[in-house]
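Structure data follow from start_37.cif (mmCIF, C-alpha atoms; chains and numbers go by the auth columns):
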data_work
loop_
_atom_site.group_PDB
_atom_site.id
_atom_site.type_symbol
_atom_site.label_atom_id
_atom_site.label_comp_id
_atom_site.label_asym_id
_atom_site.label_seq_id
_atom_site.Cartn_x
_atom_site.Cartn_y
_atom_site.Cartn_z
_atom_site.B_iso_or_equiv
_atom_site.auth_seq_id
_atom_site.auth_asym_id
ATOM 1 C CA MET A 1 0.000 0.000 0.000 0.00 1 A
ATOM 2 C CA ILE A 2 2.216 2.820 1.244 0.00 2 A
ATOM 3 C CA ASP A 3 5.320 0.846 2.176 0.00 3 A
ATOM 4 C CA ASP A 4 6.099 -2.656 3.448 0.00 4 A
ATOM 5 C CA ALA A 5 5.940 -1.709 7.133 0.00 5 A
ATOM 6 C CA THR A 6 2.553 -0.008 6.760 0.00 6 A
ATOM 7 C CA SER A 7 1.158 -2.881 4.719 0.00 7 A
ATOM 8 C CA LYS A 8 2.255 -5.378 7.376 0.00 8 A
ATOM 9 C CA ALA A 9 0.725 -3.215 10.111 0.00 9 A
ATOM 10 C CA VAL A 10 -2.613 -3.074 8.273 0.00 10 A
ATOM 11 C CA LEU A 11 -2.604 -6.863 7.810 0.00 11 A
ATOM 12 C CA GLY A 12 -1.847 -7.203 11.511 0.00 12 A
ATOM 13 C CA HIS A 13 -5.158 -5.497 12.265 0.00 13 A
ATOM 14 C CA LEU A 14 -7.029 -7.898 10.022 0.00 14 A
ATOM 15 C CA GLN A 15 -7.500 -11.307 11.565 0.00 15 A
ATOM 16 C CA THR A 16 -7.853 -14.632 9.805 0.00 16 A
ATOM 17 C CA GLY A 17 -11.358 -15.728 10.676 0.00 17 A
ATOM 18 C CA GLY A 18 -12.414 -12.212 11.652 0.00 18 A
ATOM 19 C CA CYS A 19 -15.951 -10.952 11.256 0.00 19 A
ATOM 20 C CA THR A 20 -17.885 -9.981 8.157 0.00 20 A
ATOM 21 C CA ALA A 21 -21.371 -8.562 7.844 0.00 21 A
ATOM 22 C CA GLU A 22 -23.646 -9.269 4.878 0.00 22 A
ATOM 23 C CA ILE A 23 -20.797 -10.643 2.719 0.00 23 A
ATOM 24 C CA ASP A 24 -19.673 -14.238 2.171 0.00 24 A
ATOM 25 C CA VAL A 25 -15.963 -15.019 1.836 0.00 25 A
ATOM 26 C CA THR A 26 -16.394 -18.824 1.701 0.00 26 A
ATOM 27 C CA ALA A 27 -15.481 -19.112 -1.990 0.00 27 A
ATOM 28 C CA LEU A 28 -12.361 -17.018 -1.461 0.00 28 A
ATOM 29 C CA SER A 29 -11.353 -19.066 1.586 0.00 29 A
ATOM 30 C CA ALA A 30 -11.292 -22.199 -0.553 0.00 30 A
ATOM 31 C CA ASN A 31 -8.628 -20.645 -2.807 0.00 31 A
ATOM 32 C CA GLY A 32 -6.329 -18.812 -0.435 0.00 32 A
ATOM 33 C CA GLN A 33 -5.870 -16.854 2.741 0.00 33 A
ATOM 34 C CA VAL A 34 -8.659 -14.484 3.758 0.00 34 A
ATOM 35 C CA SER A 35 -8.345 -11.960 6.568 0.00 35 A
ATOM 36 C CA THR A 36 -11.376 -9.915 7.580 0.00 36 A
ATOM 37 C CA LYS A 37 -12.543 -7.278 10.008 0.00 37 A
ATOM 38 C CA CYS A 38 -15.896 -5.568 10.398 0.00 38 A
ATOM 39 C CA GLY A 39 -17.274 -2.915 12.639 0.00 39 A
ATOM 40 C CA ILE A 40 -20.443 -1.039 13.451 0.00 40 A
ATOM 41 C CA PHE A 41 -20.241 2.462 14.849 0.00 41 A
ATOM 42 C CA PRO A 42 -21.544 4.178 16.745 0.00 42 A
ATOM 43 C CA LYS A 43 -23.526 1.631 18.734 0.00 43 A
ATOM 44 C CA SER A 44 -26.665 2.821 16.948 0.00 44 A
ATOM 45 C CA GLY A 45 -25.228 1.210 13.813 0.00 45 A
ATOM 46 C CA LYS A 46 -25.206 4.299 11.616 0.00 46 A
ATOM 47 C CA TRP A 47 -21.995 3.154 9.872 0.00 47 A
ATOM 48 C CA LEU A 48 -20.835 -0.383 9.018 0.00 48 A
ATOM 49 C CA HIS A 49 -17.504 -1.332 7.517 0.00 49 A
ATOM 50 C CA ASN A 50 -16.151 -4.584 6.099 0.00 50 A
ATOM 51 C CA SER A 51 -12.486 -5.051 5.241 0.00 51 A
ATOM 52 C CA VAL A 52 -11.230 -8.123 3.399 0.00 52 A
ATOM 53 C CA HIS A 53 -7.661 -9.002 2.424 0.00 53 A
ATOM 54 C CA PHE A 54 -7.314 -11.975 0.059 0.00 54 A
ATOM 55 C CA LYS A 55 -4.151 -13.723 -1.129 0.00 55 A
ATOM 56 C CA GLU A 56 -4.645 -16.621 -3.511 0.00 56 A
ATOM 57 C CA THR A 57 -2.472 -19.667 -2.920 0.00 57 A
ATOM 58 C CA ALA A 58 -1.899 -20.796 -6.511 0.00 58 A
ATOM 59 C CA THR A 59 -1.364 -17.417 -8.209 0.00 59 A
ATOM 60 C CA LEU A 60 -0.170 -13.904 -7.468 0.00 60 A
ATOM 61 C CA ARG A 61 -3.765 -12.639 -7.128 0.00 61 A
ATOM 62 C CA GLU A 62 -4.024 -10.457 -4.042 0.00 62 A
ATOM 63 C CA PHE A 63 -6.365 -7.624 -3.152 0.00 63 A
ATOM 64 C CA VAL A 64 -8.045 -5.645 -0.411 0.00 64 A
ATOM 65 C CA VAL A 65 -11.714 -4.666 -0.454 0.00 65 A
ATOM 66 C CA VAL A 66 -13.122 -2.115 1.996 0.00 66 A
ATOM 67 C CA ILE A 67 -16.822 -1.279 2.012 0.00 67 A
ATOM 68 C CA LEU A 68 -18.412 1.394 4.197 0.00 68 A
ATOM 69 C CA THR A 69 -22.176 1.838 4.359 0.00 69 A
ATOM 70 C CA LYS A 70 -24.417 4.290 6.179 0.00 70 A
ATOM 71 C CA ASN A 71 -27.891 4.154 7.718 0.00 71 A
ATOM 72 C CA HIS A 72 -28.573 0.419 7.645 0.00 72 A
ATOM 73 C CA THR A 73 -27.999 -0.064 3.907 0.00 73 A
ATOM 74 C CA PHE A 74 -26.216 -3.332 4.685 0.00 74 A
ATOM 75 C CA GLY A 75 -28.159 -5.234 2.039 0.00 75 A
ATOM 76 C CA ILE A 76 -26.222 -3.659 -0.837 0.00 76 A
ATOM 77 C CA MET A 77 -22.913 -4.990 0.442 0.00 77 A
ATOM 78 C CA LYS A 78 -23.314 -8.599 -0.696 0.00 78 A
ATOM 79 C CA ASN A 79 -23.806 -7.720 -4.363 0.00 79 A
ATOM 80 C CA LEU A 80 -21.250 -4.916 -4.260 0.00 80 A
ATOM 81 C CA PHE A 81 -18.634 -7.216 -2.723 0.00 81 A
ATOM 82 C CA ASN A 82 -19.285 -9.948 -5.305 0.00 82 A
ATOM 83 C CA ASP A 83 -19.070 -7.414 -8.148 0.00 83 A
ATOM 84 C CA LEU A 84 -15.794 -5.977 -6.821 0.00 84 A
ATOM 85 C CA VAL A 85 -14.203 -9.421 -6.449 0.00 85 A
ATOM 86 C CA ALA A 86 -15.260 -10.327 -10.002 0.00 86 A
ATOM 87 C CA LEU A 87 -13.466 -7.233 -11.346 0.00 87 A
ATOM 88 C CA VAL A 88 -10.070 -8.281 -9.969 0.00 88 A
ATOM 89 C CA PRO A 89 -8.184 -10.459 -12.490 0.00 89 A
#
Could the structure of this file be written out as structure tokens, please?
Amino acid sequence: MIDDATSKAVLGHLQTGGCTAEIDVTALSANGQVSTKCGIFPKSGKWLHNSVHFKETATLREFVVVILTKNHTFGIMKNLFNDLVALVP
């Protein structure tokens, strides 16, 4: 991302087996390492974020997806996530 140290620090905040909300990383998990983190803030749930780092085992394919939604529009995340993943070669 910015430099190796920053990239490693960001990945340190993502945890293998971390949480996701409204998105499914099962298909990605079958093909490589997936690290995820989600959060809802404030407690009222006005904002929701999902962060996913994926590194495929067999190829050099690697990417990060971050989705932020507002006001309980969580339902759009599943399709948006799937569309974003499909765009990455």
Inset, instruction - Run through the PyMOL selection byres ((chain A and resi 56) around 12) on the given coordinates and return the selected residues as an NGL selection string. - result: :A and (27-35 or 53-55 or 57-64 or 88-89)
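With distances restricted to all atoms listed in the file, A:Glu22 is the closest residue to Leu80 in chain A from A:Phe41, A:Leu48, A:Thr36, A:Glu22.
What the PyMOL selection byres ((chain A and resi 84) around 12) grabs from this file is A:Ile23, A:Val52, A:Phe63, A:Val64, A:Val65, A:Val66, A:Ile67, A:Met77, A:Lys78, A:Asn79, A:Leu80, A:Phe81, A:Asn82, A:Asp83, A:Val85, A:Ala86, A:Leu87, A:Val88, A:Pro89.
The gap separating CA of Asp3 in chain A from CA of Thr26 in chain A is 29.3 Å, in Å to one decimal.
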Legend entry - Coordinates-based distance that separates CA of Leu68 in chain A from CA of His49 in chain A (Å, one decimal): 4.4 Å
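The shortest atom-to-atom distance to Leu11 in chain A, with only C-alpha atoms taken into account, belongs to A:Lys37 out of A:Lys37, A:Asn71, A:Pro42, A:Ile76.
Pairwise distance (CA of Ile2 in chain A, CA of Leu14 in chain A) equals 16.7 Å.
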Legend entry - Result set of the PyMOL selection byres ((chain A and resi 20) around 6) on the coordinates above, as a PyMOL selection string: chain A and resi 19+21+38
Mind rebuilding range 44-80 of chain A with N, CA and C atoms and writing that out as a CSV table (one decimal), in the frame of the given file?
chain,number,residue,atom,x,y,z
A,44,SER,N,-25.4,2.8,17.6
A,44,SER,CA,-26.7,2.8,16.9
A,44,SER,C,-26.6,2.2,15.6
A,45,GLY,N,-25.4,1.9,15.1
A,45,GLY,CA,-25.2,1.2,13.8
A,45,GLY,C,-25.4,2.1,12.6
A,46,LYS,N,-25.1,3.4,12.8
A,46,LYS,CA,-25.2,4.3,11.6
A,46,LYS,C,-24.2,3.9,10.5
A,47,TRP,N,-23.0,3.5,10.8
A,47,TRP,CA,-22.0,3.2,9.9
A,47,TRP,C,-21.6,1.7,10.1
A,48,LEU,N,-21.3,1.0,9.0
A,48,LEU,CA,-20.8,-0.4,9.0
A,48,LEU,C,-19.7,-0.5,8.0
A,49,HIS,N,-18.6,-1.1,8.5
A,49,HIS,CA,-17.5,-1.3,7.5
A,49,HIS,C,-17.1,-2.8,7.5
A,50,ASN,N,-16.7,-3.3,6.3
A,50,ASN,CA,-16.2,-4.6,6.1
A,50,ASN,C,-14.8,-4.4,5.4
A,51,SER,N,-13.8,-5.1,5.9
A,51,SER,CA,-12.5,-5.1,5.2
A,51,SER,C,-12.1,-6.5,5.0
A,52,VAL,N,-11.6,-6.8,3.8
A,52,VAL,CA,-11.2,-8.1,3.4
A,52,VAL,C,-9.9,-8.0,2.7
A,53,HIS,N,-8.9,-8.8,3.1
A,53,HIS,CA,-7.7,-9.0,2.4
A,53,HIS,C,-7.6,-10.4,1.9
A,54,PHE,N,-7.3,-10.6,0.6
A,54,PHE,CA,-7.3,-12.0,0.1
A,54,PHE,C,-6.0,-12.2,-0.7
A,55,LYS,N,-5.4,-13.3,-0.4
A,55,LYS,CA,-4.2,-13.7,-1.1
A,55,LYS,C,-4.3,-15.2,-1.6
A,56,GLU,N,-4.4,-15.3,-2.9
A,56,GLU,CA,-4.6,-16.6,-3.5
A,56,GLU,C,-3.4,-17.5,-3.4
A,57,THR,N,-3.6,-18.7,-3.1
A,57,THR,CA,-2.5,-19.7,-2.9
A,57,THR,C,-1.8,-20.0,-4.2
A,58,ALA,N,-2.5,-20.3,-5.3
A,58,ALA,CA,-1.9,-20.8,-6.5
A,58,ALA,C,-1.4,-19.7,-7.5
A,59,THR,N,-1.8,-18.5,-7.3
A,59,THR,CA,-1.4,-17.4,-8.2
A,59,THR,C,-0.9,-16.2,-7.4
A,60,LEU,N,-0.6,-15.2,-8.1
A,60,LEU,CA,-0.2,-13.9,-7.5
A,60,LEU,C,-1.3,-13.0,-7.2
A,61,ARG,N,-2.6,-13.5,-7.3
A,61,ARG,CA,-3.8,-12.6,-7.1
A,61,ARG,C,-3.9,-12.3,-5.6
A,62,GLU,N,-3.9,-11.0,-5.4
A,62,GLU,CA,-4.0,-10.5,-4.0
A,62,GLU,C,-4.7,-9.1,-4.1
A,63,PHE,N,-5.7,-8.9,-3.2
A,63,PHE,CA,-6.4,-7.6,-3.2
A,63,PHE,C,-7.0,-7.3,-1.8
A,64,VAL,N,-7.3,-6.1,-1.6
A,64,VAL,CA,-8.0,-5.6,-0.4
A,64,VAL,C,-9.3,-5.0,-0.9
A,65,VAL,N,-10.4,-5.3,-0.2
A,65,VAL,CA,-11.7,-4.7,-0.5
A,65,VAL,C,-12.2,-4.1,0.9
A,66,VAL,N,-12.6,-2.8,0.8
A,66,VAL,CA,-13.1,-2.1,2.0
A,66,VAL,C,-14.4,-1.5,1.6
A,67,ILE,N,-15.5,-1.8,2.3
A,67,ILE,CA,-16.8,-1.3,2.0
A,67,ILE,C,-17.3,-0.6,3.3
A,68,LEU,N,-17.8,0.6,3.1
A,68,LEU,CA,-18.4,1.4,4.2
A,68,LEU,C,-19.8,1.8,3.8
A,69,THR,N,-20.8,1.5,4.6
A,69,THR,CA,-22.2,1.8,4.4
A,69,THR,C,-22.7,2.7,5.5
A,70,LYS,N,-23.8,3.4,5.2
A,70,LYS,CA,-24.4,4.3,6.2
A,70,LYS,C,-25.9,4.0,6.3
A,71,ASN,N,-26.4,4.2,7.5
A,71,ASN,CA,-27.9,4.2,7.7
A,71,ASN,C,-28.5,2.8,7.3
A,72,HIS,N,-28.0,1.7,7.8
A,72,HIS,CA,-28.6,0.4,7.6
A,72,HIS,C,-28.8,0.0,6.2
A,73,THR,N,-27.9,0.4,5.3
A,73,THR,CA,-28.0,-0.1,3.9
A,73,THR,C,-27.1,-1.3,3.7
A,74,PHE,N,-27.1,-2.2,4.7
A,74,PHE,CA,-26.2,-3.3,4.7
A,74,PHE,C,-26.5,-4.3,3.5
A,75,GLY,N,-27.8,-4.3,3.1
A,75,GLY,CA,-28.2,-5.2,2.0
A,75,GLY,C,-27.4,-5.1,0.7
A,76,ILE,N,-26.9,-3.9,0.4
A,76,ILE,CA,-26.2,-3.7,-0.8
A,76,ILE,C,-24.8,-4.3,-0.8
A,77,MET,N,-24.3,-4.6,0.4
A,77,MET,CA,-22.9,-5.0,0.4
A,77,MET,C,-22.6,-6.3,-0.2
A,78,LYS,N,-23.5,-7.3,-0.1
A,78,LYS,CA,-23.3,-8.6,-0.7
A,78,LYS,C,-23.1,-8.5,-2.2
A,79,ASN,N,-24.0,-7.9,-2.9
A,79,ASN,CA,-23.8,-7.7,-4.4
A,79,ASN,C,-22.6,-6.9,-4.7
A,80,LEU,N,-22.4,-5.8,-4.0
A,80,LEU,CA,-21.2,-4.9,-4.3
A,80,LEU,C,-19.9,-5.7,-4.1
